[in-house]
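start_16.txt, holding compact mmCIF, C-alpha atoms and all ligand atoms:
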# COMPACT_ATOMS: atom_id res chain seq x y z
CA MET L 100 63.53 29.24 137.67
CA GLN L 101 64.14 32.94 138.14
CA LYS L 102 67.50 34.02 139.54
CA PRO L 103 66.94 35.03 143.19
CA ILE L 104 67.41 38.65 144.11
CA LYS L 105 69.00 38.41 147.50
CA ALA L 106 70.59 41.00 149.80
CA SER L 107 71.56 41.33 153.47
CA ALA L 108 71.91 44.29 155.80
CA ILE L 109 72.77 45.01 159.41
CA ALA L 110 71.10 47.79 161.39
CA ASN L 111 71.65 48.76 164.98
CA ALA L 112 69.02 49.46 167.60
CA ASN L 113 68.67 52.98 168.98
CA ILE L 114 67.61 54.52 172.25
CA ALA L 115 65.61 57.74 172.24
CA LEU L 116 66.80 60.61 174.44
CA VAL L 117 63.64 62.52 173.52
CA LYS L 118 61.00 59.88 172.91
CA TYR L 119 58.45 59.43 170.14
CA TRP L 120 55.08 58.55 171.62
CA GLY L 121 51.92 59.02 169.56
CA LYS L 122 51.07 59.20 165.87
CA ARG L 123 49.36 61.85 163.78
CA ASP L 124 48.91 59.27 161.00
CA LYS L 125 48.81 55.56 161.84
CA LYS L 126 49.02 54.26 158.27
CA LEU L 127 51.96 56.41 157.20
CA ILE L 128 53.51 56.22 160.70
CA LEU L 129 53.82 59.95 161.20
CA PRO L 130 54.60 61.09 164.75
CA ASN L 131 53.00 63.81 166.83
CA ASN L 132 56.40 64.95 168.09
CA SER L 133 60.00 65.01 166.89
CA SER L 134 62.53 62.77 168.65
CA VAL L 135 66.29 62.36 169.13
CA SER L 136 68.16 59.10 169.62
CA VAL L 137 71.55 57.46 169.88
CA THR L 138 72.28 54.48 167.64
CA LEU L 139 73.72 51.65 169.77
CA LYS L 140 76.94 49.93 168.71
CA ASP L 141 76.42 46.44 170.09
CA LEU L 142 72.73 45.69 169.53
CA HIS L 143 71.85 44.83 165.98
CA ALA L 144 69.56 43.02 163.57
CA HIS L 145 71.00 41.07 160.63
CA THR L 146 68.46 40.59 157.87
CA THR L 147 68.50 38.73 154.56
CA VAL L 148 65.78 39.14 151.95
CA ASP L 149 65.28 37.10 148.82
CA PHE L 150 62.69 38.02 146.18
CA SER L 151 61.81 35.11 143.94
CA LYS L 152 59.10 33.55 141.77
CA ASN L 153 59.61 30.42 143.84
CA TYR L 154 57.62 31.86 146.74
CA ASP L 155 53.84 31.98 146.41
CA ARG L 156 53.59 34.07 149.59
CA ASP L 157 55.95 36.05 151.77
CA ILE L 158 57.87 34.11 154.42
CA PHE L 159 59.13 35.71 157.64
CA ILE L 160 61.54 34.02 160.04
CA LEU L 161 62.78 35.96 163.07
CA ASN L 162 65.37 34.42 165.39
CA ARG L 163 64.76 30.98 163.82
CA ARG L 164 60.99 31.17 164.42
CA GLU L 165 58.67 31.32 161.43
CA PHE L 166 55.73 33.68 161.86
CA ARG L 167 52.47 32.49 160.35
CA VAL L 168 49.96 34.52 158.34
CA GLY L 169 47.72 36.40 160.75
CA THR L 170 50.34 37.06 163.43
CA GLU L 171 51.11 40.74 164.02
CA GLU L 172 54.79 40.22 163.12
CA TYR L 173 53.89 38.56 159.80
CA GLU L 174 51.27 41.15 158.87
CA TYR L 175 53.58 44.14 159.54
CA THR L 176 56.37 42.54 157.51
CA GLU L 177 54.01 41.66 154.67
CA LEU L 178 52.62 45.21 154.63
CA PHE L 179 56.15 46.56 154.39
CA LEU L 180 57.06 44.14 151.57
CA SER L 181 53.91 45.10 149.69
CA LEU L 182 54.91 48.74 149.97
CA ILE L 183 58.37 48.07 148.57
CA ARG L 184 56.86 45.92 145.79
CA LYS L 185 54.67 48.87 144.85
CA ILE L 186 57.68 51.21 144.72
CA ALA L 187 59.69 48.68 142.69
CA LYS L 188 56.71 47.71 140.50
CA SER L 189 57.46 44.09 141.32
CA LYS L 190 55.12 41.19 141.97
CA LEU L 191 57.76 38.91 143.46
CA ARG L 192 57.15 37.47 146.90
CA ALA L 193 59.98 37.38 149.39
CA LYS L 194 61.60 35.31 152.09
CA VAL L 195 62.90 37.38 155.00
CA VAL L 196 65.18 35.90 157.65
CA SER L 197 66.31 38.12 160.49
CA ASN L 198 68.37 37.57 163.63
CA ASN L 199 68.79 39.93 166.54
CA ASN L 200 71.82 39.65 168.81
CA PHE L 201 69.67 40.81 171.77
CA PRO L 202 66.25 39.84 173.26
CA THR L 203 63.51 40.45 170.69
CA ALA L 204 60.32 42.38 171.48
CA ALA L 205 61.51 42.89 175.03
CA GLY L 206 61.67 46.63 174.49
CA LEU L 207 65.16 46.97 173.11
CA ALA L 208 64.16 48.60 169.85
CA SER L 209 64.13 45.33 167.92
CA SER L 210 61.57 46.74 165.49
CA ALA L 211 63.81 49.77 164.89
CA ALA L 212 66.83 47.62 164.03
CA GLY L 213 64.71 45.07 162.15
CA PHE L 214 62.88 47.46 159.85
CA ALA L 215 65.96 49.62 159.21
CA ALA L 216 67.80 46.45 158.11
CA LEU L 217 64.83 45.26 156.06
CA ALA L 218 64.52 48.65 154.32
CA ALA L 219 68.20 48.62 153.35
CA ALA L 220 68.17 44.95 152.28
CA THR L 221 65.03 45.28 150.13
CA ASN L 222 66.37 48.50 148.58
CA GLU L 223 69.54 46.64 147.61
CA ALA L 224 67.80 43.46 146.46
CA LEU L 225 65.40 45.29 144.15
CA GLY L 226 68.03 47.78 142.98
CA LEU L 227 65.99 50.81 143.98
CA ASP L 228 69.01 52.96 144.79
CA LEU L 229 67.17 55.01 147.44
CA ASN L 230 69.30 57.63 149.18
CA LYS L 231 69.54 57.77 153.00
CA LYS L 232 66.70 60.26 153.33
CA LYS L 233 64.36 58.07 151.28
CA LEU L 234 65.58 54.96 153.09
CA SER L 235 64.81 56.65 156.40
CA MET L 236 61.27 57.40 155.18
CA LEU L 237 60.87 53.84 153.97
CA ALA L 238 62.08 52.36 157.29
CA ARG L 239 59.56 54.63 159.04
CA ARG L 240 56.74 52.76 157.30
CA GLY L 241 57.83 49.59 159.07
CA SER L 242 58.26 51.11 162.52
CA GLY L 243 58.59 54.76 163.52
CA SER L 244 61.79 54.36 165.52
CA ALA L 245 63.41 52.52 162.56
CA THR L 246 63.61 55.83 160.72
CA ARG L 247 66.44 56.82 163.12
CA SER L 248 68.43 53.56 162.91
CA ILE L 249 69.47 54.38 159.33
CA TYR L 250 72.09 56.77 160.71
CA SER L 251 75.03 56.39 163.08
CA GLY L 252 75.61 58.40 166.25
CA PHE L 253 73.10 61.02 167.40
CA VAL L 254 70.03 61.27 165.21
CA LYS L 255 66.94 63.49 164.99
CA TRP L 256 63.62 62.45 163.48
CA ARG L 257 61.67 65.55 162.50
CA LYS L 258 57.98 64.98 162.83
CA GLY L 259 57.22 66.95 159.68
CA LYS L 260 53.99 68.73 158.88
CA LYS L 261 52.95 67.41 155.50
CA GLU L 262 50.06 64.98 155.29
CA ASP L 263 51.89 62.71 152.86
CA GLY L 264 54.85 62.33 155.25
CA THR L 265 57.50 63.49 152.76
CA ASP L 266 59.02 65.81 155.37
CA SER L 267 59.11 63.22 158.17
CA TYR L 268 62.52 61.54 158.15
CA ALA L 269 65.70 61.33 160.21
CA LYS L 270 68.90 63.34 159.95
CA GLN L 271 72.21 62.81 161.66
CA ILE L 272 73.13 65.35 164.34
CA ALA L 273 76.61 63.96 165.01
CA ASP L 274 78.36 60.75 164.02
CA ALA L 275 79.34 57.81 166.25
CA LYS L 276 82.84 59.15 166.93
CA TYR L 277 81.65 62.61 167.98
CA TRP L 278 81.41 61.90 171.74
CA PRO L 279 84.03 59.17 172.36
CA ASP L 280 83.41 58.72 176.09
CA PHE L 281 79.60 58.49 175.84
CA ARG L 282 78.36 55.14 177.19
CA ILE L 283 75.05 53.34 177.50
CA ILE L 284 74.57 50.43 179.89
CA VAL L 285 71.61 48.31 178.89
CA CYS L 286 70.20 46.56 181.98
CA ILE L 287 68.02 43.61 181.05
CA THR L 288 65.51 42.95 183.82
CA THR L 289 63.48 40.35 181.90
CA LYS L 290 63.85 38.44 178.65
CA GLU L 291 60.11 38.00 178.27
CA GLU L 292 58.31 39.70 175.42
CA LYS L 293 56.54 42.89 176.48
CA LYS L 294 52.83 42.66 177.12
CA ILE L 295 51.72 45.82 175.37
CA LYS L 296 53.44 46.65 172.09
CA SER L 297 54.43 50.28 171.53
CA ARG L 298 51.99 50.64 168.65
CA ALA L 299 48.94 49.74 170.72
CA GLY L 300 50.26 51.55 173.80
CA MET L 301 50.76 54.84 172.01
CA ALA L 302 47.39 54.65 170.26
CA GLN L 303 45.72 54.13 173.62
CA THR L 304 47.66 57.06 175.10
CA VAL L 305 46.66 59.46 172.32
CA ALA L 306 43.03 58.33 172.60
CA THR L 307 42.61 58.43 176.37
CA CYS L 308 45.37 60.30 178.20
CA PRO L 309 43.97 63.59 179.54
CA VAL L 310 47.43 65.21 179.75
CA TYR L 311 48.76 64.13 176.34
CA ASN L 312 48.94 67.74 175.10
CA GLY L 313 51.21 68.56 178.03
CA TRP L 314 53.58 65.84 176.79
CA LEU L 315 53.65 67.37 173.33
CA ARG L 316 54.44 70.82 174.75
CA ALA L 317 57.16 69.45 177.04
CA SER L 318 58.79 67.37 174.32
CA LYS L 319 59.36 70.53 172.24
CA ASP L 320 61.38 72.05 175.09
CA ASP L 321 63.21 68.77 175.71
CA LEU L 322 64.16 68.61 172.05
CA LYS L 323 65.81 72.05 172.23
CA SER L 324 67.69 71.09 175.41
CA ILE L 325 68.92 67.79 173.98
CA GLU L 326 70.12 69.44 170.77
CA ARG L 327 71.94 72.08 172.83
CA ALA L 328 73.43 69.40 175.09
CA ILE L 329 74.73 67.41 172.12
CA ALA L 330 76.12 70.52 170.40
CA LYS L 331 77.99 71.56 173.57
CA LYS L 332 78.75 68.01 174.78
CA ASP L 333 77.03 69.05 178.01
CA PHE L 334 76.54 65.63 179.61
CA THR L 335 74.63 66.93 182.65
CA LEU L 336 72.07 68.73 180.50
CA LEU L 337 71.74 65.70 178.24
CA GLY L 338 71.28 63.23 181.09
CA LYS L 339 68.80 65.34 183.03
CA THR L 340 66.75 66.09 179.94
CA ALA L 341 66.69 62.45 178.77
CA GLU L 342 65.75 61.13 182.21
CA ARG L 343 62.94 63.64 182.67
CA ASN L 344 61.64 63.08 179.17
CA CYS L 345 61.46 59.36 179.87
CA LEU L 346 59.56 59.97 183.10
CA LYS L 347 57.11 62.25 181.31
CA MET L 348 56.47 59.55 178.72
CA HIS L 349 55.82 56.96 181.42
CA ALA L 350 53.56 59.44 183.22
CA ILE L 351 51.33 59.71 180.13
CA MET L 352 51.40 55.93 179.70
CA MET L 353 50.23 55.43 183.28
CA THR L 354 47.45 57.99 182.94
CA THR L 355 45.70 56.26 180.04
CA THR L 356 42.58 54.11 180.37
CA PRO L 357 43.31 51.34 181.24
CA PRO L 358 46.70 52.38 182.67
CA ILE L 359 49.89 51.05 181.05
CA PHE L 360 52.79 50.12 183.33
CA TYR L 361 55.90 48.92 181.56
CA PHE L 362 58.01 48.78 184.75
CA ASN L 363 58.64 45.66 186.80
CA LYS L 364 60.10 45.69 190.32
CA PRO L 365 63.76 45.63 189.21
CA THR L 366 63.04 48.56 186.86
CA ILE L 367 62.02 50.69 189.82
CA ASP L 368 64.96 49.42 191.84
CA VAL L 369 67.41 50.46 189.12
CA MET L 370 65.75 53.88 188.73
CA GLN L 371 65.94 54.58 192.46
CA SER L 372 69.52 53.32 192.61
CA VAL L 373 70.59 55.64 189.80
CA LEU L 374 69.20 58.59 191.78
CA GLU L 375 71.16 57.40 194.84
CA TRP L 376 74.37 56.89 192.87
CA ARG L 377 74.12 60.46 191.59
CA LYS L 378 73.91 61.69 195.18
CA GLU L 379 77.11 59.74 195.82
CA GLY L 380 78.76 61.65 193.00
CA ILE L 381 78.53 59.06 190.20
CA GLU L 382 76.99 60.96 187.34
CA CYS L 383 74.58 58.67 185.52
CA TYR L 384 70.99 58.87 184.30
CA PHE L 385 68.31 56.36 183.35
CA SER L 386 66.06 56.02 180.35
CA ILE L 387 63.31 53.45 179.81
CA ASP L 388 61.26 52.74 176.71
CA ALA L 389 58.08 50.70 176.33
CA SER L 390 59.51 47.87 178.43
CA PRO L 391 60.96 47.03 181.86
CA GLN L 392 64.58 47.29 180.62
CA VAL L 393 66.63 50.22 181.88
CA LYS L 394 69.34 52.01 179.95
CA ILE L 395 71.84 53.88 182.09
CA ILE L 396 73.70 56.71 180.41
CA CYS L 397 77.11 57.75 181.75
CA LEU L 398 80.59 58.76 180.65
CA GLU L 399 83.54 56.36 180.36
CA GLU L 400 85.08 57.74 183.59
CA ASN L 401 82.16 56.28 185.59
CA ILE L 402 81.61 53.03 183.72
CA LYS L 403 83.53 50.80 186.17
CA LYS L 404 81.71 52.20 189.19
CA VAL L 405 78.27 51.89 187.59
CA LYS L 406 79.03 48.37 186.38
CA GLU L 407 80.12 47.35 189.88
CA LYS L 408 76.96 48.88 191.39
CA CYS L 409 74.77 47.08 188.83
CA LYS L 410 76.31 43.73 189.82
CA HIS L 411 74.84 44.16 193.28
CA LEU L 412 71.30 44.78 192.06
CA LYS L 413 69.41 41.51 192.21
CA GLY L 414 66.87 42.14 189.46
CA ILE L 415 69.35 42.74 186.65
CA LYS L 416 69.67 39.56 184.54
CA LYS L 417 72.28 40.84 182.12
CA ILE L 418 74.06 44.06 181.24
CA ILE L 419 75.36 45.18 177.87
CA ILE L 420 77.79 48.09 177.86
CA THR L 421 77.69 49.95 174.61
CA LYS L 422 78.35 53.31 172.93
CA PRO L 423 77.18 55.28 169.89
CA GLY L 424 77.33 53.02 166.86
CA GLU L 425 77.06 52.70 163.10
CA GLY L 426 74.13 53.30 160.79
CA VAL L 427 72.61 50.67 158.52
CA ARG L 428 74.92 48.88 156.10
CA ILE L 429 74.77 46.22 153.40
CA ILE L 430 76.79 43.09 154.09
CA LYS L 431 77.73 40.12 151.95
CA LYS L 432 76.94 37.46 154.55
CA HIS L 433 73.49 35.97 153.87
CA LEU L 434 71.49 34.09 156.50
CA PHE L 435 70.22 31.47 154.01
C1 LIG H 1 59.10 54.19 173.53
O1 LIG H 1 58.80 52.76 166.85
O2 LIG H 1 58.23 50.73 168.20
O3 LIG H 1 60.71 53.31 172.01
O4 LIG H 1 56.04 53.23 165.10
O5 LIG H 1 54.28 51.87 166.17
O6 LIG H 1 56.34 50.77 165.33
P1 LIG H 1 55.74 52.01 165.92
O7 LIG H 1 56.40 52.23 167.36
P2 LIG H 1 57.92 52.13 167.83
O8 LIG H 1 57.85 53.03 169.15
C2 LIG H 1 58.98 53.40 169.86
C3 LIG H 1 58.57 54.02 171.13
C4 LIG H 1 59.70 54.28 172.13
C5 LIG H 1 60.26 55.68 171.98
C6 LIG H 1 61.20 55.93 170.85
O9 LIG H 1 61.92 55.01 170.41
O10 LIG H 1 61.26 57.09 170.41
With the file now loaded, output its structure as structure tokens.
Amino acid sequence: MQKPIKASAIANANIALVKYWGKRDKKLILPNNSSVSVTLKDLHAHTTVDFSKNYDRDIFILNRREFRVGTEEYEYTELFLSLIRKIAKSKLRAKVVSNNNFPTAAGLASSAAGFAALAAATNEALGLDLNKKKLSMLARRGSGSATRSIYSGFVKWRKGKKEDGTDSYAKQIADAKYWPDFRIIVCITTKEEKKIKSRAGMAQTVATCPVYNGWLRASKDDLKSIERAIAKKDFTLLGKTAERNCLKMHAIMMTTTPPIFYFNKPTIDVMQSVLEWRKEGIECYFSIDASPQVKIICLEENIKKVKEKCKHLKGIKKIIITKPGEGVRIIKKHLF
């Protein structure tokens, strides 16, 4: 029996301040626009991978549920493992076990955390010794947003221009300690899995949205504003830019054929409340990804007030208060 090659990693989820929505290459997962995110301290995926002759096919278990051959989750994981096997010139099949400490596939960047952790764990297990840039490119092949979860703090994913994707990877803008009073309140409005996955949603948008080019133009300006806001720690500029960028993304989602609505009623309630709270002098902004969950961005000085306000909103099932967090790391604790 061959000695198992096992490794574990933890990667945190991230929330985009300037969103990635649409691919220029679906196979290589190359985006149409650059994006900027914050890695989140308290939402993570813990993944263990074991390559061994004992497996005659890959095995994928996520949150104690085994995914069968043919499911989307299994196929994406298998594709990723095949890619890493090609790089490592290995024929060994693998068992992957991963646990998220937050609702999976409910639009909280579980694929970002999951594939960033899987990239780091497979790199370690097969002794590939990839640097962070290469790891970021590898994670991208699992899920676009995973490319950013390699790094801590504020992170930019440059879309790149090359056809082979070798210039499309993430870079850190500032580390997790850079903006100590920066807070993100994750408002969970449903624990159900989202109905339309990002991958299908963005493909449909690129194919059918008549104003998609407007999104691409606007995201270039938003990128400049966000980078300026981070450099100057200008919270107002950051919040306004992130909120508007999110609304623009949802506008292009809604104007596809058939239309895609990720919001539920509580989502809209939280959005409208945030606008009201700002009028009352509580500076906070919302951001929503491909799901009904709302992330509220504010500074530490307003956290108590926002938390109190959230308690009174009926549709919020759970809140998680978090801040900029760590990048991917290898850990000794294995899940099996
Ligand atoms: C709305 O990274 O999940 O969260 O690359 O197809 O796996 P794939 O998509 P994914 O899309 C994330 C979309 C988003 C915006 C963002 O995180 O930038």
Discussion item. Counting only C-alpha atoms and all ligand atoms, which residue out of L:Leu139, L:Ile109, L:Ala115, L:Ala317 sits closest to ligand LIG 1 (chain H)?
Written reply: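 Of L:Leu139, L:Ile109, L:Ala115, L:Ala317, the one nearest ligand LIG 1 (chain H) is L:Ala115, counting only C-alpha atoms and all ligand atoms.
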Fill in: Contacts of Leu315 of chain L at 9 Å (only C-alpha atoms; same-chain gap of 4+ positions) as a ChimeraX atom specification
/L:131-132,311,319
Discussion item. Set the distance at 6 Å and use all atoms listed in the file: which residues neighbour segment 213-227 of chain L once local chain neighbours fewer than 5 positions away are removed? I'd like the list as a list in words.
Written reply: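 After dropping sequence-adjacent residues, the list is Ile104, Lys105, Ala106, Ser107, Ala108, Ile109, Ala110, Ala144, Thr146, Ala238, Gly241, Ala245, Ser248 and Ile249 of chain L.
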Discussion item. Using only C-alpha atoms and a cutoff of 12 Å, can you tell me which residues are near (53.8, 34.7, 161.0) in the file's coordinates, and write them out as a list in words?
Written reply: Arg156, Asp157, Ile158, Phe159, Ile160, Leu161, Arg163, Arg164, Glu165, Phe166, Arg167, Val168, Gly169, Thr170, Glu171, Glu172, Tyr173, Glu174, Tyr175, Thr176, Glu177, Lys194, Val195 and Val196 of chain L
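With atom CA of Leu322 of chain L on one side and atom CA of Gly300 of chain L on the other, the separation reads 22.1 Å.
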Using the file's own x, y and z axes, what box holds all listed atoms of ligand LIG 1 (chain H) with 6 Å on each side, keeping edges along x, y and z, and what are its centre and edge lengths in Å to one decimal, as JSON?
{"center_x": 58.1, "center_y": 53.9, "center_z": 169.3, "size_x": 19.6, "size_y": 18.4, "size_z": 20.4}
Selection within 7 Å of ligand LIG 1 (chain H) by only C-alpha atoms and all ligand atoms, output as a short mmCIF file (atom, residue, chain, number, x, y, z; two decimals) with C-alpha atoms, in the coordinates of the input:
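Saved as result_25.cif:
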data_model
loop_
_atom_site.label_atom_id
_atom_site.label_comp_id
_atom_site.auth_asym_id
_atom_site.auth_seq_id
_atom_site.Cartn_x
_atom_site.Cartn_y
_atom_site.Cartn_z
CA ILE L 114 67.61 54.52 172.25
CA ALA L 115 65.61 57.74 172.24
CA VAL L 117 63.64 62.52 173.52
CA LYS L 118 61.00 59.88 172.91
CA TYR L 119 58.45 59.43 170.14
CA TRP L 120 55.08 58.55 171.62
CA ILE L 128 53.51 56.22 160.70
CA SER L 134 62.53 62.77 168.65
CA ALA L 208 64.16 48.60 169.85
CA SER L 210 61.57 46.74 165.49
CA ALA L 211 63.81 49.77 164.89
CA GLY L 241 57.83 49.59 159.07
CA SER L 242 58.26 51.11 162.52
CA GLY L 243 58.59 54.76 163.52
CA SER L 244 61.79 54.36 165.52
CA ALA L 245 63.41 52.52 162.56
CA SER L 297 54.43 50.28 171.53
CA ARG L 298 51.99 50.64 168.65
CA ASP L 388 61.26 52.74 176.71
CA ALA L 389 58.08 50.70 176.33
#
Worksheet, complete the sentence: As a check of understanding: the span from atom CA of Lys140 of chain L to atom CA of Phe253 of chain L is 11.8 Å
Discussion item. So the first atom is atom CA of Ser390 of chain L and the second is atom CA of Val137 of chain L; what is the distance between them in Å, to one decimal place?
Written reply: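 Atom CA of Ser390 of chain L sits 17.6 Å away from atom CA of Val137 of chain L.
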Discussion item. Please list as a ChimeraX atom specification every residue within 10 Å of segment 368-381 of chain L, counting only C-alpha atoms and excluding residues in the same chain fewer than 5 positions away.
Written reply: /L:286,288,342,362-363,386-387,392-398,400-402,404-405,408-409,412-415
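Compared by their closest atoms to Asn113 of chain L, and using only C-alpha atoms, the residues L:Phe360, L:Phe435, L:Tyr250, L:Tyr277 rank with L:Tyr250 nearest.
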